[in-house]
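Okay, so here's the structure we're looking at.
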Amino acid sequence: MPPRLITTLAIPQSGLVTEEEIESVSKLVRIKVVDHREHVEKVRDMINFFEMLDSAGVEDDELVMDDVHVSQLREDVHEPFGGLSGYVRQYRDGYVRVPNMS
Amino acid sequence: MNHSSIIRASALEYVRGVTSGEFTAEEFLSETLSRVGEAETRYHAYLRVEDSQRLLARAREVDRGIKSGQKVGLLAGMPVSIKDNICMRGSRTTCGSRMLEGFVAPYDATAVSRLHAEGAIIVAKANMDEFAMGLSTEFSAYGPSRNPWNTEYVPGGSSGGSAVAAAAFECVASLGSDTGGSVRNPASFCSVVGYKPTYGLVSRHGLVSYANSIEQIGPIARTVSDAALVLGVIAGRDEHDDTTADAAADDYLEGIEGGVEGMRVGIVDEMTEGADPEVARAVARAAGDLEAAGASCERISLDMVGYSVPSYYTITAAEAASNLARYDNLRYGYDLPTDGYEFNSYVAEARGRFGPEVTRRMILGGYVSSAGHAGRYYLKALKVRAKLTREVADAFASSYDILMAPTVPILPFRIGEKSDDPVSLFMVDLNTVTANLTRRPAVSVPYAVSAGGLPIGIQMMADSMQDKTLLRAARALERKRPPLPEVPD
């Protein structure tokens, strides 16, 4: 049965998610985590909460996606947008200055 | 109506008053700006108020138009505010984040263009949780807004600034955005009307993306009719947003007084059981009011509602992680020199300055959609969404015109009370996310005030594109409810 009472919600605590995994993902999405407790432990709690989906009984359901044929999409037309360089932060002499790409 | 009270006018009263010469647009705007100056010291509804001289000049133009019999638009100089994730050309749009502190929008969102075309005067950008991630406005990088019913309490979120502004007479109406209840939740907490349209009814062009498959712009106002008036202005097909429905512009006030005689209303068990006792009693009384007005109400069970919150947060986190990947600090961002950084470490350093909720959701989104975990979380969440959509569609097809529940199952909470417990905050969304996941329209109607003086809202939901039916039912409840106390001042 799905949980009904928000006051008595049982949040799964499987402990399957490790802090190392979360730290690895944070590197993949390129976000520096400074406060370990503030982020990693809470993200682990959130993921444990998502494990409630395991009891939804949808494993065997087909996921039907809405296919849209390319002919139904609008034409891909380039529309010039003047003044875009004004919105680039580090723009100098016609070049965008970016960090080292190595 | 004297000038100190004109700002309490509803949108419809405003339009009647200004077009009949009872007051001028300039007088009304001037009173509104005075009110903003006084109220903002307590509520912090707004992040920025536009230049008052420019606004007043625009109001004088409207007045000249009215006097000379020119068309001045349906809203005729009405002061309106918009959430700070909706772009307005030449105005800063921060999304409540330091990442966008200096960003000036180069174009108008379609909703903004349509408000301007009907003569609205947009007075301010409203406070919000950073990138709309939150439901209390406590995650704004610029500090929380405060609930005008009790300033120690949150106003809800993420469109908290918009709801506070409408409740505290700092504008006549406001636009918010609703991804999981972000219009309805603060409307409920501040005792105003919050309307989330059917997905695709209102263009998202110019709304800074958070979760594209779910979010909608919606009006917040002091009455159901006012929300309908604003909805009529902003709704309709937009060539800039291919997800907009092929529907012509419509008058959502038409038939709004038609009542609920013969309507069937389902009260959703999973959204009502376990609610705060005062909230649950309000739902029972609301059902009684609707029955007295000729509707029939009965309980209904929707099993998948119990899984809606993890499904919603999984899907939105995945979409958010993708959307927020654009914030690489090159086009806009923090004042962080590039010298000495390798590209990835530079981006990570900049993103490390996001607020706590955005940081967590980005990591979360990366995790649940990653190759090793997508089947366990993201795909399962999509399946739950599909099954929930079938359940809701069946309920509307077979039995019900309206599904009803408390907008939020608990009363507004104190600032800081839940901000350290994100999972507990998730569950505040229990009753609102279903409309987003299933793309149905839903509205929060102010219904009662608790013994402790905190507002309680009732949520009503209808089938897709049945927005007029929904507004008619909401208006019937508004008419039948017991009188509400005035917001304290």
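Lettering and numbering for the structure tokens are positional, with chains as A, B, ... in the shown order, residues counted from 1 in each chain, and ligands counted from 1 in the shown order.
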Chain B residues near chain A (7 Å cut-off, only C-alpha atoms) as a ChimeraX atom specification: /B:270,273-274,303,306-307,310,330-332,338-339,341-344,346-349,351-352,360,363-364,366-367,380-381,383-384,423,427
Which residues are close to Ile256 (chain B), i.e. within 12 Å by only C-alpha atoms, leaving aside same-chain residues fewer than 3 positions away? Reply as number ranges by chain. B: 223-229, 251-253, 259-260, 467-479
Excluding same-chain residues fewer than 2 positions from region 86-97 of chain B, what lies within 9 Å of it counting only C-alpha atoms, as a count of residues only? 45
Which of region 173-348 of chain B counts as alpha helix (DSSP H) under DSSP, as a VMD selection string please? chain B and resid 184 to 190 224 to 234 269 to 272 277 to 292 308 to 323 343 to 348
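Within the 8 Å cut-off around region 62-65 of chain B, using only C-alpha atoms and omitting residues fewer than 6 positions from it on the same chain, the listed residues are B:Thr24, B:Ala25, B:Glu26, B:Lys71, B:Val72, B:Ala76, B:Gly77, B:Gly119.
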Write the residues of the preceding selection, restricted to N, CA, C and O atoms, as a PDB file, in the first residue's frame.
```
ATOM      1  N   THR B  24      -8.124  57.735 -11.107  1.00  0.00           N
ATOM      2  CA  THR B  24      -7.272  57.636 -12.297  1.00  0.00           C
ATOM      3  C   THR B  24      -6.243  56.522 -12.100  1.00  0.00           C
ATOM      4  O   THR B  24      -5.960  56.111 -10.958  1.00  0.00           O
ATOM      5  N   ALA B  25      -5.686  56.074 -13.203  1.00  0.00           N
ATOM      6  CA  ALA B  25      -4.631  55.056 -13.129  1.00  0.00           C
ATOM      7  C   ALA B  25      -3.436  55.603 -12.347  1.00  0.00           C
ATOM      8  O   ALA B  25      -2.792  54.887 -11.578  1.00  0.00           O
ATOM      9  N   GLU B  26      -3.165  56.904 -12.534  1.00  0.00           N
ATOM     10  CA  GLU B  26      -2.030  57.507 -11.828  1.00  0.00           C
ATOM     11  C   GLU B  26      -2.277  57.526 -10.317  1.00  0.00           C
ATOM     12  O   GLU B  26      -1.386  57.218  -9.529  1.00  0.00           O
ATOM     13  N   LYS B  71      -8.358  52.997 -27.056  1.00  0.00           N
ATOM     14  CA  LYS B  71      -8.266  51.675 -26.428  1.00  0.00           C
ATOM     15  C   LYS B  71      -7.072  51.669 -25.482  1.00  0.00           C
ATOM     16  O   LYS B  71      -5.962  52.030 -25.881  1.00  0.00           O
ATOM     17  N   VAL B  72      -7.284  51.274 -24.238  1.00  0.00           N
ATOM     18  CA  VAL B  72      -6.179  51.235 -23.270  1.00  0.00           C
ATOM     19  C   VAL B  72      -5.926  49.819 -22.779  1.00  0.00           C
ATOM     20  O   VAL B  72      -5.123  49.610 -21.876  1.00  0.00           O
ATOM     21  N   ALA B  76      -6.045  48.248 -18.406  1.00  0.00           N
ATOM     22  CA  ALA B  76      -6.128  49.706 -18.239  1.00  0.00           C
ATOM     23  C   ALA B  76      -5.230  50.290 -17.142  1.00  0.00           C
ATOM     24  O   ALA B  76      -5.692  51.006 -16.261  1.00  0.00           O
ATOM     25  N   GLY B  77      -3.943  49.956 -17.178  1.00  0.00           N
ATOM     26  CA  GLY B  77      -3.018  50.556 -16.205  1.00  0.00           C
ATOM     27  C   GLY B  77      -2.957  49.848 -14.867  1.00  0.00           C
ATOM     28  O   GLY B  77      -2.414  50.401 -13.896  1.00  0.00           O
ATOM     29  N   GLY B 119      -2.417  46.685 -21.367  1.00  0.00           N
ATOM     30  CA  GLY B 119      -2.333  47.898 -20.554  1.00  0.00           C
ATOM     31  C   GLY B 119      -1.878  47.707 -19.126  1.00  0.00           C
ATOM     32  O   GLY B 119      -1.932  48.657 -18.331  1.00  0.00           O
TER      33      GLY B 119
END
```
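Here CA of Thr389 (chain B) and CA of Val305 (chain B) stand 10.0 Å from one another.
Going from CA of Glu40 (chain B) over to CA of Thr151 (chain B), you cover 11.8 Å.
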Shell around Ser399 (chain B) at 10 Å using only C-alpha atoms, local window under 2 positions removed, as a PyMOL selection string: chain B and resi 263-266+300+394-397+401-402
Within 9 Å of region 445-452 of chain B using only C-alpha atoms, minus same-chain residues under 5 positions, as a PyMOL selection string: chain B and resi 184+187-195+222-224+278-279+282-283+286+407+411+457-460+474-475+477-478+481-485
Going by DSSP on the backbone, which residues of region 148-389 of chain B come out as strand (DSSP E)? List them as a PDB file with C-alpha atoms, in the first residue's frame.
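Everything below was put into states-v7.pdb:
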```
ATOM      1  CA  ALA B 173      -2.452  40.667  -9.247  1.00  0.00           C
ATOM      2  CA  SER B 174       0.802  38.852  -9.843  1.00  0.00           C
ATOM      3  CA  LEU B 175       2.235  36.135 -12.036  1.00  0.00           C
ATOM      4  CA  GLY B 176       3.955  33.138 -10.521  1.00  0.00           C
ATOM      5  CA  SER B 177       5.147  29.855 -11.931  1.00  0.00           C
ATOM      6  CA  ASP B 178       3.886  26.482 -10.731  1.00  0.00           C
ATOM      7  CA  VAL B 193      -6.260  32.711  -5.153  1.00  0.00           C
ATOM      8  CA  GLY B 194      -3.538  30.827  -7.054  1.00  0.00           C
ATOM      9  CA  TYR B 195      -4.272  29.317 -10.437  1.00  0.00           C
ATOM     10  CA  LYS B 196      -2.221  26.699 -12.298  1.00  0.00           C
ATOM     11  CA  GLN B 216       3.320  26.623 -16.051  1.00  0.00           C
ATOM     12  CA  ILE B 217       2.974  30.345 -15.470  1.00  0.00           C
ATOM     13  CA  GLY B 218      -0.182  31.144 -13.494  1.00  0.00           C
ATOM     14  CA  PRO B 219      -1.932  34.148 -11.943  1.00  0.00           C
ATOM     15  CA  ILE B 220      -2.185  34.964  -8.240  1.00  0.00           C
ATOM     16  CA  ALA B 221      -4.950  37.386  -7.283  1.00  0.00           C
ATOM     17  CA  ARG B 264     -19.767  15.746  -9.125  1.00  0.00           C
ATOM     18  CA  VAL B 265     -16.878  16.421  -6.783  1.00  0.00           C
ATOM     19  CA  GLY B 266     -14.416  13.752  -5.624  1.00  0.00           C
ATOM     20  CA  ILE B 267     -12.593  14.363  -2.354  1.00  0.00           C
ATOM     21  CA  VAL B 268      -9.256  12.595  -2.624  1.00  0.00           C
ATOM     22  CA  SER B 296     -22.631  16.070  -5.040  1.00  0.00           C
ATOM     23  CA  CYS B 297     -19.460  15.219  -3.127  1.00  0.00           C
ATOM     24  CA  GLU B 298     -18.009  11.799  -2.390  1.00  0.00           C
ATOM     25  CA  ARG B 299     -14.689  10.291  -1.372  1.00  0.00           C
ATOM     26  CA  ILE B 300     -12.367   8.896  -4.005  1.00  0.00           C
TER      27      ILE B 300
END
```
